[in-house]
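Report on one structure; see the data block that follows.
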Amino acid sequence: MLRSPWDYSRRRDEFVAWAATVPALANPAATVAWNTDKRYLAELAAAGVPVVPTTWLSPGDPVELPADGEWVIKPAVSAGSVDTGRYNLTDPSHRALALSHVARLVEAGRVTMLQPYLPAVDTYGETALLYLGGRYSHAIRKGPMLDGPDLGVEGLYKEEAITPRTPTDAERAVADAVLAAVPGGADHLLYARVDLIPGPDGSPLLVELELTEPSLFLGYADGAADRLATAITGTLGR
Ligand SMILES: Nc1ncnc2c1ncn2[C@@H]1O[C@H](COP(=O)(O)OP(=O)(O)O)[C@@H](O)[C@H]1O
Ligand SMILES: [Mg+2]
């Protein structure tokens with residue numbers, strides 16, 4: 001079972017190739033290959049899942065930033081909020097930093113994502129719903145992670161502010177819809193985490209589906225560790 005290979009994003013191709021050599025890996029290697037590149041979000045959006053609107057910039061594409069507003073720039077292969085920044089494009093200094101952030105990513109050959117900053121994360125936060133053995137287990141609130149331009153992260157991930165949360169019915173419904181849209185279905189998943197932030201009209205939007213190496217926040221809900229253990233032993237006979 002994959003747990004915390006949080007430096008994989010720097011060596012993603014090697015990681016995916018290694019995963020394919022592991023017998024009975026959970027989650028399966030094909031899932032890891034699909035889920036370690038956030039372009040899966042475009043597939044889920046095409047399947048009808050409400051996803052944060054995203055513009056994709058591939059190396060070689062012309063870079064045109066919106067005239068104003070707050071925007072997020074991040075790489076398609078990433079984890080731990082590394083290489084992720086928030087820019088107010090009305091501010092000329094932010095605009096210059098945003099352009100150099102995009103240039104740094106695409107010059108390194110990385111597909112880059114541009115998204116509107118969802119301001120609800122500053123107050124309501126992000127809701128992460130954890131599924132263990134195919135069933136909803138628990139949820140947490142994660143505080144906002146981005147306070148401005150990307151100035152680099154020390155280590156493999158940025159510190160997070162986590163508290164337990166009871167998800168709304170709308171969040172449960174979107175998370176179920178996300179899992180139902182996973183190629184091959186969700187039955188083969190030992191664990192899954194669906195990260196949602198309210199959009200402009202308050203309804204939940206998918207920011208990330210974590211099927212590779214999610215923090216499972218087992219300490220934030222009674223019985224979660226036992227549910228994971230039961231899910232693991234349940235796979236052993238297969
Ligand atoms: N469009 C967005 N609006 C607001 N906050 C965002 C947005 N995209 C990312 N973030 C913030 O940045 C964090 C990291 O982004 P995410 O897409 O989850 O990538 P990863 O966790 O793989 O680094 C999120 O937890 C969230 O706090
Ligand atoms: Mg995330």
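Lettering and numbering for the structure tokens are positional, with chains as A, B, ... in the shown order, residues counted from 1 in each chain, and ligands counted from 1 in the shown order.
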Distance filter 7 Å around ligand 1, atoms: only C-alpha atoms and all ligand atoms, out as a PDB file with all heavy atoms, in the first residue's frame:
```
ATOM      1  N   VAL A  52     -13.125  22.660 -10.771  1.00  0.00           N
ATOM      2  CA  VAL A  52     -12.669  24.047 -10.858  1.00  0.00           C
ATOM      3  C   VAL A  52     -12.299  24.322 -12.320  1.00  0.00           C
ATOM      4  O   VAL A  52     -11.530  23.561 -12.911  1.00  0.00           O
ATOM      5  CB  VAL A  52     -11.396  24.282 -10.003  1.00  0.00           C
ATOM      6  CG1 VAL A  52     -11.008  25.753 -10.027  1.00  0.00           C
ATOM      7  CG2 VAL A  52     -11.599  23.801  -8.591  1.00  0.00           C
ATOM      8  N   VAL A  72      -4.740  31.075  -9.662  1.00  0.00           N
ATOM      9  CA  VAL A  72      -3.794  30.092  -9.130  1.00  0.00           C
ATOM     10  C   VAL A  72      -3.014  29.501 -10.294  1.00  0.00           C
ATOM     11  O   VAL A  72      -3.596  29.179 -11.338  1.00  0.00           O
ATOM     12  CB  VAL A  72      -4.538  28.967  -8.371  1.00  0.00           C
ATOM     13  CG1 VAL A  72      -3.579  27.855  -7.947  1.00  0.00           C
ATOM     14  CG2 VAL A  72      -5.266  29.538  -7.160  1.00  0.00           C
ATOM     15  N   SER A  78       2.086  17.396  -9.395  1.00  0.00           N
ATOM     16  CA  SER A  78       2.541  18.089  -8.192  1.00  0.00           C
ATOM     17  C   SER A  78       1.870  17.491  -6.969  1.00  0.00           C
ATOM     18  O   SER A  78       0.876  16.790  -7.072  1.00  0.00           O
ATOM     19  CB  SER A  78       2.210  19.573  -8.245  1.00  0.00           C
ATOM     20  OG  SER A  78       0.815  19.773  -8.100  1.00  0.00           O
ATOM     21  N   ALA A  79       2.437  17.801  -5.806  1.00  0.00           N
ATOM     22  CA  ALA A  79       1.849  17.388  -4.537  1.00  0.00           C
ATOM     23  C   ALA A  79       2.316  18.371  -3.474  1.00  0.00           C
ATOM     24  O   ALA A  79       3.312  19.077  -3.657  1.00  0.00           O
ATOM     25  CB  ALA A  79       2.287  15.969  -4.179  1.00  0.00           C
ATOM     26  N   GLY A  80       1.559  18.416  -2.386  1.00  0.00           N
ATOM     27  CA  GLY A  80       2.004  19.171  -1.219  1.00  0.00           C
ATOM     28  C   GLY A  80       2.014  20.687  -1.391  1.00  0.00           C
ATOM     29  O   GLY A  80       2.717  21.391  -0.675  1.00  0.00           O
ATOM     30  N   SER A  81       1.242  21.200  -2.346  1.00  0.00           N
ATOM     31  CA  SER A  81       1.176  22.640  -2.641  1.00  0.00           C
ATOM     32  C   SER A  81       2.516  23.209  -3.108  1.00  0.00           C
ATOM     33  O   SER A  81       2.720  24.421  -3.118  1.00  0.00           O
ATOM     34  CB  SER A  81       0.692  23.455  -1.426  1.00  0.00           C
ATOM     35  OG  SER A  81      -0.543  22.993  -0.969  1.00  0.00           O
ATOM     36  N   VAL A  82       3.439  22.327  -3.523  1.00  0.00           N
ATOM     37  CA  VAL A  82       4.736  22.787  -4.031  1.00  0.00           C
ATOM     38  C   VAL A  82       4.535  23.391  -5.425  1.00  0.00           C
ATOM     39  O   VAL A  82       3.672  22.942  -6.177  1.00  0.00           O
ATOM     40  CB  VAL A  82       5.734  21.591  -4.069  1.00  0.00           C
ATOM     41  CG1 VAL A  82       7.074  22.002  -4.651  1.00  0.00           C
ATOM     42  CG2 VAL A  82       5.903  21.027  -2.673  1.00  0.00           C
ATOM     43  N   THR A  84       3.119  25.976  -6.333  1.00  0.00           N
ATOM     44  CA  THR A  84       1.750  26.477  -6.488  1.00  0.00           C
ATOM     45  C   THR A  84       1.691  27.898  -5.936  1.00  0.00           C
ATOM     46  O   THR A  84       2.178  28.150  -4.833  1.00  0.00           O
ATOM     47  CB  THR A  84       0.778  25.545  -5.728  1.00  0.00           C
ATOM     48  OG1 THR A  84       0.873  24.240  -6.299  1.00  0.00           O
ATOM     49  CG2 THR A  84      -0.659  26.031  -5.818  1.00  0.00           C
ATOM     50  N   GLN A 115      -6.088  28.496 -12.797  1.00  0.00           N
ATOM     51  CA  GLN A 115      -7.459  28.401 -12.261  1.00  0.00           C
ATOM     52  C   GLN A 115      -7.828  29.692 -11.556  1.00  0.00           C
ATOM     53  O   GLN A 115      -6.971  30.311 -10.921  1.00  0.00           O
ATOM     54  CB  GLN A 115      -7.547  27.277 -11.210  1.00  0.00           C
ATOM     55  CG  GLN A 115      -7.341  25.889 -11.752  1.00  0.00           C
ATOM     56  CD  GLN A 115      -7.399  24.825 -10.656  1.00  0.00           C
ATOM     57  OE1 GLN A 115      -7.210  25.134  -9.469  1.00  0.00           O
ATOM     58  NE2 GLN A 115      -7.643  23.592 -11.053  1.00  0.00           N
ATOM     59  N   PRO A 116      -9.116  30.069 -11.586  1.00  0.00           N
ATOM     60  CA  PRO A 116      -9.536  31.180 -10.735  1.00  0.00           C
ATOM     61  C   PRO A 116      -9.315  30.798  -9.274  1.00  0.00           C
ATOM     62  O   PRO A 116      -9.540  29.642  -8.902  1.00  0.00           O
ATOM     63  CB  PRO A 116     -11.028  31.332 -11.041  1.00  0.00           C
ATOM     64  CG  PRO A 116     -11.456  30.046 -11.666  1.00  0.00           C
ATOM     65  CD  PRO A 116     -10.237  29.447 -12.312  1.00  0.00           C
ATOM     66  N   TYR A 117      -8.853  31.747  -8.474  1.00  0.00           N
ATOM     67  CA  TYR A 117      -8.734  31.495  -7.039  1.00  0.00           C
ATOM     68  C   TYR A 117     -10.135  31.463  -6.453  1.00  0.00           C
ATOM     69  O   TYR A 117     -10.918  32.396  -6.646  1.00  0.00           O
ATOM     70  CB  TYR A 117      -7.900  32.593  -6.371  1.00  0.00           C
ATOM     71  CG  TYR A 117      -7.659  32.293  -4.902  1.00  0.00           C
ATOM     72  CD1 TYR A 117      -6.707  31.356  -4.527  1.00  0.00           C
ATOM     73  CD2 TYR A 117      -8.407  32.933  -3.911  1.00  0.00           C
ATOM     74  CE1 TYR A 117      -6.493  31.059  -3.188  1.00  0.00           C
ATOM     75  CE2 TYR A 117      -8.191  32.629  -2.567  1.00  0.00           C
ATOM     76  CZ  TYR A 117      -7.223  31.691  -2.209  1.00  0.00           C
ATOM     77  OH  TYR A 117      -7.018  31.393  -0.893  1.00  0.00           O
ATOM     78  N   LEU A 118     -10.465  30.386  -5.736  1.00  0.00           N
ATOM     79  CA  LEU A 118     -11.800  30.253  -5.138  1.00  0.00           C
ATOM     80  C   LEU A 118     -11.750  30.859  -3.736  1.00  0.00           C
ATOM     81  O   LEU A 118     -11.227  30.236  -2.806  1.00  0.00           O
ATOM     82  CB  LEU A 118     -12.206  28.780  -5.082  1.00  0.00           C
ATOM     83  CG  LEU A 118     -12.248  28.058  -6.435  1.00  0.00           C
ATOM     84  CD1 LEU A 118     -12.561  26.574  -6.236  1.00  0.00           C
ATOM     85  CD2 LEU A 118     -13.260  28.695  -7.377  1.00  0.00           C
ATOM     86  N   PRO A 119     -12.294  32.078  -3.555  1.00  0.00           N
ATOM     87  CA  PRO A 119     -12.095  32.785  -2.284  1.00  0.00           C
ATOM     88  C   PRO A 119     -12.803  32.121  -1.100  1.00  0.00           C
ATOM     89  O   PRO A 119     -12.454  32.403   0.045  1.00  0.00           O
ATOM     90  CB  PRO A 119     -12.654  34.187  -2.555  1.00  0.00           C
ATOM     91  CG  PRO A 119     -13.515  34.064  -3.748  1.00  0.00           C
ATOM     92  CD  PRO A 119     -13.045  32.879  -4.540  1.00  0.00           C
ATOM     93  N   VAL A 121     -12.344  29.381   0.010  1.00  0.00           N
ATOM     94  CA  VAL A 121     -11.376  28.598   0.790  1.00  0.00           C
ATOM     95  C   VAL A 121     -10.833  29.415   1.973  1.00  0.00           C
ATOM     96  O   VAL A 121     -10.441  28.855   2.989  1.00  0.00           O
ATOM     97  CB  VAL A 121     -10.234  28.082  -0.126  1.00  0.00           C
ATOM     98  CG1 VAL A 121      -9.256  29.192  -0.492  1.00  0.00           C
ATOM     99  CG2 VAL A 121      -9.502  26.917   0.530  1.00  0.00           C
ATOM    100  N   GLU A 126     -11.343  24.061   2.687  1.00  0.00           N
ATOM    101  CA  GLU A 126     -11.450  22.966   1.711  1.00  0.00           C
ATOM    102  C   GLU A 126     -11.978  21.751   2.472  1.00  0.00           C
ATOM    103  O   GLU A 126     -11.596  21.541   3.625  1.00  0.00           O
ATOM    104  CB  GLU A 126     -10.028  22.712   1.172  1.00  0.00           C
ATOM    105  CG  GLU A 126      -9.851  21.575   0.207  1.00  0.00           C
ATOM    106  CD  GLU A 126      -8.410  21.549  -0.379  1.00  0.00           C
ATOM    107  OE1 GLU A 126      -7.637  22.527  -0.214  1.00  0.00           O
ATOM    108  OE2 GLU A 126      -8.077  20.521  -0.991  1.00  0.00           O
ATOM    109  N   GLY A 143      -7.496  24.255   6.014  1.00  0.00           N
ATOM    110  CA  GLY A 143      -7.471  25.714   5.877  1.00  0.00           C
ATOM    111  C   GLY A 143      -6.848  26.121   4.556  1.00  0.00           C
ATOM    112  O   GLY A 143      -6.267  25.297   3.845  1.00  0.00           O
ATOM    113  N   PRO A 144      -6.975  27.411   4.198  1.00  0.00           N
ATOM    114  CA  PRO A 144      -6.398  27.890   2.926  1.00  0.00           C
ATOM    115  C   PRO A 144      -4.883  27.702   2.928  1.00  0.00           C
ATOM    116  O   PRO A 144      -4.240  27.816   3.968  1.00  0.00           O
ATOM    117  CB  PRO A 144      -6.776  29.371   2.905  1.00  0.00           C
ATOM    118  CG  PRO A 144      -7.067  29.740   4.320  1.00  0.00           C
ATOM    119  CD  PRO A 144      -7.576  28.496   4.991  1.00  0.00           C
ATOM    120  N   MET A 145      -4.338  27.408   1.764  1.00  0.00           N
ATOM    121  CA  MET A 145      -2.904  27.087   1.662  1.00  0.00           C
ATOM    122  C   MET A 145      -2.102  28.175   0.957  1.00  0.00           C
ATOM    123  O   MET A 145      -0.882  28.195   1.054  1.00  0.00           O
ATOM    124  CB  MET A 145      -2.718  25.783   0.878  1.00  0.00           C
ATOM    125  CG  MET A 145      -3.351  24.561   1.515  1.00  0.00           C
ATOM    126  SD  MET A 145      -2.606  24.134   3.097  1.00  0.00           S
ATOM    127  CE  MET A 145      -0.970  23.650   2.579  1.00  0.00           C
ATOM    128  N   LEU A 146      -2.774  29.047   0.222  1.00  0.00           N
ATOM    129  CA  LEU A 146      -2.020  29.957  -0.659  1.00  0.00           C
ATOM    130  C   LEU A 146      -2.178  31.402  -0.190  1.00  0.00           C
ATOM    131  O   LEU A 146      -3.280  31.938  -0.198  1.00  0.00           O
ATOM    132  CB  LEU A 146      -2.524  29.825  -2.100  1.00  0.00           C
ATOM    133  CG  LEU A 146      -2.514  28.402  -2.675  1.00  0.00           C
ATOM    134  CD1 LEU A 146      -3.083  28.411  -4.082  1.00  0.00           C
ATOM    135  CD2 LEU A 146      -1.109  27.822  -2.657  1.00  0.00           C
ATOM    136  N   VAL A 207     -11.296  20.058  -6.575  1.00  0.00           N
ATOM    137  CA  VAL A 207      -9.956  20.628  -6.733  1.00  0.00           C
ATOM    138  C   VAL A 207      -8.967  19.505  -7.035  1.00  0.00           C
ATOM    139  O   VAL A 207      -8.071  19.659  -7.853  1.00  0.00           O
ATOM    140  CB  VAL A 207      -9.522  21.377  -5.459  1.00  0.00           C
ATOM    141  CG1 VAL A 207      -8.106  21.938  -5.603  1.00  0.00           C
ATOM    142  CG2 VAL A 207     -10.497  22.486  -5.142  1.00  0.00           C
ATOM    143  N   GLU A 208      -9.135  18.401  -6.356  1.00  0.00           N
ATOM    144  CA  GLU A 208      -8.186  17.301  -6.501  1.00  0.00           C
ATOM    145  C   GLU A 208      -8.869  16.001  -6.100  1.00  0.00           C
ATOM    146  O   GLU A 208      -9.640  15.981  -5.142  1.00  0.00           O
ATOM    147  CB  GLU A 208      -6.984  17.579  -5.580  1.00  0.00           C
ATOM    148  CG  GLU A 208      -5.882  16.572  -5.703  1.00  0.00           C
ATOM    149  CD  GLU A 208      -4.658  16.925  -4.858  1.00  0.00           C
ATOM    150  OE1 GLU A 208      -4.763  17.742  -3.933  1.00  0.00           O
ATOM    151  OE2 GLU A 208      -3.596  16.343  -5.139  1.00  0.00           O
TER     152      GLU A 208
END
```
| Got a sec to tell me which of range 50-111 of chain A DSSP assigns to strand (DSSP E), as an NGL selection string? | :A and (55-57 or 70-75 or 85-88)
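Take CA of Leu205 in chain A and CA of Met113 in chain A: the distance between them is 15.8 Å.
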| request: Can you work out which one of A:Thr235, A:Ser203, A:Ser4, A:Ser215 has the shortest atom-to-atom distance to ligand 2, counting only C-alpha atoms and all ligand atoms? | output: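 Among the listed residues, the smallest separation from ligand 2 belongs to A:Ser215.
Distance-wise, CA of Thr212 in chain A and CA of Tyr40 in chain A end up 12.7 Å apart.
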| note | Using only C-alpha atoms and all ligand atoms, the residue out of A:Gly134, A:Gly60, A:Pro214, A:Gly234 with shortest distance to ligand 2 is A:Pro214
| field | Pairwise distance for CA of Leu236 in chain A and CA of Pro28 in chain A, rounded to one decimal in Å | value | 13.8 Å
| task | Show which residues sit within 12 Å of Thr230 in chain A, as a PyMOL selection string. Count only C-alpha atoms, and ignore same-chain residues fewer than 2 positions away. | result | chain A and resi 132-135+190-191+223-228+232-236
Writer output for current selection, N, CA, C and O atoms, as a PDB file, in the first residue's frame:
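See selection_21.pdb below for the written result:
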```
ATOM      1  N   LEU A 132     -12.726   4.650   2.342  1.00  0.00           N
ATOM      2  CA  LEU A 132     -11.865   3.502   2.646  1.00  0.00           C
ATOM      3  C   LEU A 132     -12.609   2.240   2.231  1.00  0.00           C
ATOM      4  O   LEU A 132     -13.774   2.055   2.608  1.00  0.00           O
ATOM      5  N   GLY A 133     -11.943   1.391   1.435  1.00  0.00           N
ATOM      6  CA  GLY A 133     -12.591   0.165   0.966  1.00  0.00           C
ATOM      7  C   GLY A 133     -13.865   0.452   0.176  1.00  0.00           C
ATOM      8  O   GLY A 133     -14.810  -0.343   0.222  1.00  0.00           O
ATOM      9  N   GLY A 134     -13.884   1.595  -0.527  1.00  0.00           N
ATOM     10  CA  GLY A 134     -15.027   1.914  -1.378  1.00  0.00           C
ATOM     11  C   GLY A 134     -16.175   2.593  -0.655  1.00  0.00           C
ATOM     12  O   GLY A 134     -17.170   2.968  -1.283  1.00  0.00           O
ATOM     13  N   ARG A 135     -16.065   2.772   0.660  1.00  0.00           N
ATOM     14  CA  ARG A 135     -17.161   3.404   1.416  1.00  0.00           C
ATOM     15  C   ARG A 135     -16.709   4.707   2.028  1.00  0.00           C
ATOM     16  O   ARG A 135     -15.572   4.816   2.503  1.00  0.00           O
ATOM     17  N   LEU A 190      -8.637   0.948  -2.761  1.00  0.00           N
ATOM     18  CA  LEU A 190      -8.573   0.713  -1.312  1.00  0.00           C
ATOM     19  C   LEU A 190      -8.856   2.017  -0.567  1.00  0.00           C
ATOM     20  O   LEU A 190      -9.493   2.014   0.478  1.00  0.00           O
ATOM     21  N   TYR A 191      -8.365   3.125  -1.121  1.00  0.00           N
ATOM     22  CA  TYR A 191      -8.546   4.415  -0.460  1.00  0.00           C
ATOM     23  C   TYR A 191      -8.741   5.494  -1.528  1.00  0.00           C
ATOM     24  O   TYR A 191      -8.282   5.348  -2.674  1.00  0.00           O
ATOM     25  N   GLY A 223     -12.649   5.369  14.669  1.00  0.00           N
ATOM     26  CA  GLY A 223     -12.867   4.158  13.889  1.00  0.00           C
ATOM     27  C   GLY A 223     -12.253   4.169  12.501  1.00  0.00           C
ATOM     28  O   GLY A 223     -12.288   3.156  11.812  1.00  0.00           O
ATOM     29  N   ALA A 224     -11.672   5.296  12.086  1.00  0.00           N
ATOM     30  CA  ALA A 224     -11.162   5.356  10.704  1.00  0.00           C
ATOM     31  C   ALA A 224     -10.012   4.362  10.498  1.00  0.00           C
ATOM     32  O   ALA A 224      -9.955   3.676   9.472  1.00  0.00           O
ATOM     33  N   ALA A 225      -9.109   4.277  11.479  1.00  0.00           N
ATOM     34  CA  ALA A 225      -7.978   3.341  11.329  1.00  0.00           C
ATOM     35  C   ALA A 225      -8.488   1.902  11.248  1.00  0.00           C
ATOM     36  O   ALA A 225      -7.984   1.095  10.456  1.00  0.00           O
ATOM     37  N   ASP A 226      -9.511   1.583  12.062  1.00  0.00           N
ATOM     38  CA  ASP A 226     -10.084   0.229  12.014  1.00  0.00           C
ATOM     39  C   ASP A 226     -10.747  -0.030  10.657  1.00  0.00           C
ATOM     40  O   ASP A 226     -10.640  -1.134  10.109  1.00  0.00           O
ATOM     41  N   ARG A 227     -11.413   0.991  10.128  1.00  0.00           N
ATOM     42  CA  ARG A 227     -12.057   0.796   8.813  1.00  0.00           C
ATOM     43  C   ARG A 227     -11.008   0.546   7.736  1.00  0.00           C
ATOM     44  O   ARG A 227     -11.202  -0.286   6.844  1.00  0.00           O
ATOM     45  N   LEU A 228      -9.864   1.250   7.838  1.00  0.00           N
ATOM     46  CA  LEU A 228      -8.803   1.009   6.860  1.00  0.00           C
ATOM     47  C   LEU A 228      -8.250  -0.407   7.016  1.00  0.00           C
ATOM     48  O   LEU A 228      -8.052  -1.121   6.024  1.00  0.00           O
ATOM     49  N   ILE A 232      -8.149  -3.276   4.218  1.00  0.00           N
ATOM     50  CA  ILE A 232      -6.917  -3.953   3.764  1.00  0.00           C
ATOM     51  C   ILE A 232      -7.090  -5.469   3.858  1.00  0.00           C
ATOM     52  O   ILE A 232      -6.827  -6.189   2.889  1.00  0.00           O
ATOM     53  N   THR A 233      -7.549  -5.947   5.007  1.00  0.00           N
ATOM     54  CA  THR A 233      -7.678  -7.407   5.146  1.00  0.00           C
ATOM     55  C   THR A 233      -8.713  -7.925   4.145  1.00  0.00           C
ATOM     56  O   THR A 233      -8.571  -9.039   3.633  1.00  0.00           O
ATOM     57  N   GLY A 234      -9.703  -7.105   3.824  1.00  0.00           N
ATOM     58  CA  GLY A 234     -10.709  -7.516   2.849  1.00  0.00           C
ATOM     59  C   GLY A 234     -10.134  -7.744   1.464  1.00  0.00           C
ATOM     60  O   GLY A 234     -10.682  -8.517   0.676  1.00  0.00           O
ATOM     61  N   THR A 235      -9.014  -7.068   1.149  1.00  0.00           N
ATOM     62  CA  THR A 235      -8.419  -7.251  -0.185  1.00  0.00           C
ATOM     63  C   THR A 235      -7.520  -8.487  -0.232  1.00  0.00           C
ATOM     64  O   THR A 235      -7.155  -8.931  -1.321  1.00  0.00           O
ATOM     65  N   LEU A 236      -7.135  -9.022   0.930  1.00  0.00           N
ATOM     66  CA  LEU A 236      -6.082 -10.045   0.940  1.00  0.00           C
ATOM     67  C   LEU A 236      -6.510 -11.347   0.299  1.00  0.00           C
ATOM     68  O   LEU A 236      -5.701 -12.041  -0.298  1.00  0.00           O
TER      69      LEU A 236
END
```
| field | Residue nearest Val32 in chain A among A:Ala186, A:Ala76, A:Val51, A:Ala17 (counting only C-alpha atoms) | value | A:Ala17
| said: Residues near Val63 in chain A, anyone? I mean within 10 Å using only C-alpha atoms, not counting same-chain ones fewer than 2 positions away, as a ChimeraX atom specification. | reply: /A:57-61,65-66,99,102-103,106
| task | Looking only at alpha helix (DSSP H) from DSSP on the backbone, list the matching residues of range 32-154 of chain A as a ChimeraX atom specification. | result | /A:32-35,40-46,92-107,120-123
Could you write out that same residue set with N, CA, C and O atoms as a CSV table (one decimal), in the first residue's frame?
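Generated file (selection.csv):
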```csv
chain,number,residue,atom,x,y,z
A,32,VAL,N,-2.6,4.7,-10.3
A,32,VAL,CA,-1.5,5.6,-10.0
A,32,VAL,C,-1.0,6.4,-11.2
A,32,VAL,O,-0.9,7.6,-11.2
A,33,ALA,N,-0.9,5.7,-12.4
A,33,ALA,CA,-0.5,6.4,-13.6
A,33,ALA,C,-1.5,7.4,-14.0
A,33,ALA,O,-1.2,8.5,-14.4
A,34,TRP,N,-2.8,7.1,-13.9
A,34,TRP,CA,-3.9,8.0,-14.2
A,34,TRP,C,-3.9,9.2,-13.3
A,34,TRP,O,-4.1,10.4,-13.7
A,35,ASN,N,-3.7,9.0,-12.0
A,35,ASN,CA,-4.0,10.0,-11.0
A,35,ASN,C,-2.8,10.9,-10.6
A,35,ASN,O,-3.0,11.9,-9.9
A,40,TYR,N,-6.3,14.4,-15.3
A,40,TYR,CA,-7.5,13.6,-15.1
A,40,TYR,C,-8.7,14.5,-14.8
A,40,TYR,O,-9.8,14.1,-14.9
A,41,LEU,N,-8.4,15.7,-14.3
A,41,LEU,CA,-9.5,16.6,-13.9
A,41,LEU,C,-10.3,17.0,-15.2
A,41,LEU,O,-11.6,17.1,-15.1
A,42,ALA,N,-9.6,17.1,-16.3
A,42,ALA,CA,-10.3,17.4,-17.6
A,42,ALA,C,-11.2,16.2,-18.0
A,42,ALA,O,-12.4,16.4,-18.5
A,43,GLU,N,-10.8,15.0,-17.8
A,43,GLU,CA,-11.6,13.8,-18.1
A,43,GLU,C,-12.8,13.8,-17.2
A,43,GLU,O,-13.9,13.5,-17.6
A,44,LEU,N,-12.6,14.1,-15.9
A,44,LEU,CA,-13.8,14.1,-15.0
A,44,LEU,C,-14.8,15.2,-15.3
A,44,LEU,O,-16.0,15.0,-15.2
A,45,ALA,N,-14.2,16.3,-15.7
A,45,ALA,CA,-15.1,17.4,-16.1
A,45,ALA,C,-16.0,17.0,-17.3
A,45,ALA,O,-17.2,17.3,-17.4
A,46,ALA,N,-15.3,16.3,-18.3
A,46,ALA,CA,-16.0,15.9,-19.5
A,46,ALA,C,-17.1,14.9,-19.1
A,46,ALA,O,-18.1,14.7,-19.8
A,92,PRO,N,0.7,44.8,-11.1
A,92,PRO,CA,1.8,44.6,-12.0
A,92,PRO,C,2.9,43.7,-11.5
A,92,PRO,O,3.5,42.9,-12.2
A,93,SER,N,3.2,43.8,-10.2
A,93,SER,CA,4.3,43.0,-9.7
A,93,SER,C,3.9,41.5,-9.6
A,93,SER,O,4.7,40.6,-10.0
A,94,HIS,N,2.6,41.3,-9.2
A,94,HIS,CA,2.1,39.9,-9.2
A,94,HIS,C,2.1,39.3,-10.7
A,94,HIS,O,2.4,38.2,-10.9
A,95,ARG,N,1.7,40.2,-11.6
A,95,ARG,CA,1.6,39.8,-13.0
A,95,ARG,C,2.9,39.3,-13.5
A,95,ARG,O,3.1,38.3,-14.1
A,96,ALA,N,4.0,40.1,-13.2
A,96,ALA,CA,5.3,39.7,-13.6
A,96,ALA,C,5.7,38.4,-12.9
A,96,ALA,O,6.3,37.5,-13.6
A,97,LEU,N,5.4,38.2,-11.6
A,97,LEU,CA,5.8,37.0,-10.9
A,97,LEU,C,5.0,35.8,-11.5
A,97,LEU,O,5.5,34.7,-11.6
A,98,ALA,N,3.7,36.1,-11.9
A,98,ALA,CA,2.9,35.0,-12.5
A,98,ALA,C,3.5,34.5,-13.8
A,98,ALA,O,3.6,33.3,-14.1
A,99,LEU,N,3.9,35.5,-14.6
A,99,LEU,CA,4.5,35.2,-15.9
A,99,LEU,C,5.8,34.4,-15.7
A,99,LEU,O,6.0,33.4,-16.4
A,100,SER,N,6.6,34.8,-14.7
A,100,SER,CA,7.8,34.0,-14.5
A,100,SER,C,7.6,32.7,-13.9
A,100,SER,O,8.3,31.7,-14.2
A,101,HIS,N,6.5,32.5,-13.1
A,101,HIS,CA,6.1,31.2,-12.6
A,101,HIS,C,5.7,30.3,-13.7
A,101,HIS,O,6.3,29.1,-13.8
A,102,VAL,N,4.9,30.8,-14.6
A,102,VAL,CA,4.5,29.9,-15.8
A,102,VAL,C,5.7,29.6,-16.6
A,102,VAL,O,5.9,28.4,-17.0
A,103,ALA,N,6.6,30.6,-16.9
A,103,ALA,CA,7.8,30.3,-17.7
A,103,ALA,C,8.6,29.3,-17.1
A,103,ALA,O,9.1,28.4,-17.7
A,104,ARG,N,8.8,29.4,-15.7
A,104,ARG,CA,9.7,28.4,-15.0
A,104,ARG,C,9.1,27.0,-15.2
A,104,ARG,O,9.9,26.0,-15.4
A,105,LEU,N,7.8,26.8,-15.1
A,105,LEU,CA,7.2,25.5,-15.2
A,105,LEU,C,7.3,25.0,-16.6
A,105,LEU,O,7.7,23.8,-16.9
A,106,VAL,N,6.8,25.8,-17.6
A,106,VAL,CA,6.8,25.3,-19.0
A,106,VAL,C,8.2,25.1,-19.6
A,106,VAL,O,8.4,24.1,-20.3
A,107,GLU,N,9.2,25.9,-19.1
A,107,GLU,CA,10.5,25.7,-19.6
A,107,GLU,C,11.1,24.4,-19.1
A,107,GLU,O,12.0,23.8,-19.7
A,120,ALA,N,-13.8,31.2,-1.4
A,120,ALA,CA,-14.5,30.6,-0.3
A,120,ALA,C,-13.5,29.8,0.6
A,120,ALA,O,-13.7,29.5,1.8
A,121,VAL,N,-12.3,29.4,0.0
A,121,VAL,CA,-11.4,28.6,0.8
A,121,VAL,C,-10.8,29.4,2.0
A,121,VAL,O,-10.4,28.9,3.0
A,122,ASP,N,-10.8,30.7,1.8
A,122,ASP,CA,-10.3,31.6,2.9
A,122,ASP,C,-11.2,31.6,4.2
A,122,ASP,O,-10.7,31.8,5.3
A,123,THR,N,-12.5,31.3,4.0
A,123,THR,CA,-13.4,31.3,5.2
A,123,THR,C,-13.9,29.9,5.5
A,123,THR,O,-13.7,29.4,6.5
```
| task | Select, from A:Gly125, A:Gly202, A:Pro50, A:Gly85, the residue with the minimum atom-to-atom distance to Thr163 in chain A, counting only C-alpha atoms. | result | A:Gly125
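In this comparison, which uses only C-alpha atoms and all ligand atoms, the residue of A:Tyr157, A:Tyr8, A:Phe15, A:Tyr136 approaching ligand 2 most closely is A:Tyr157.
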| message | Counting only C-alpha atoms, which residue out of A:Leu89, A:Ala231, A:Ala161, A:Val182 sits closest to Gly148 in chain A? | response | A:Leu89
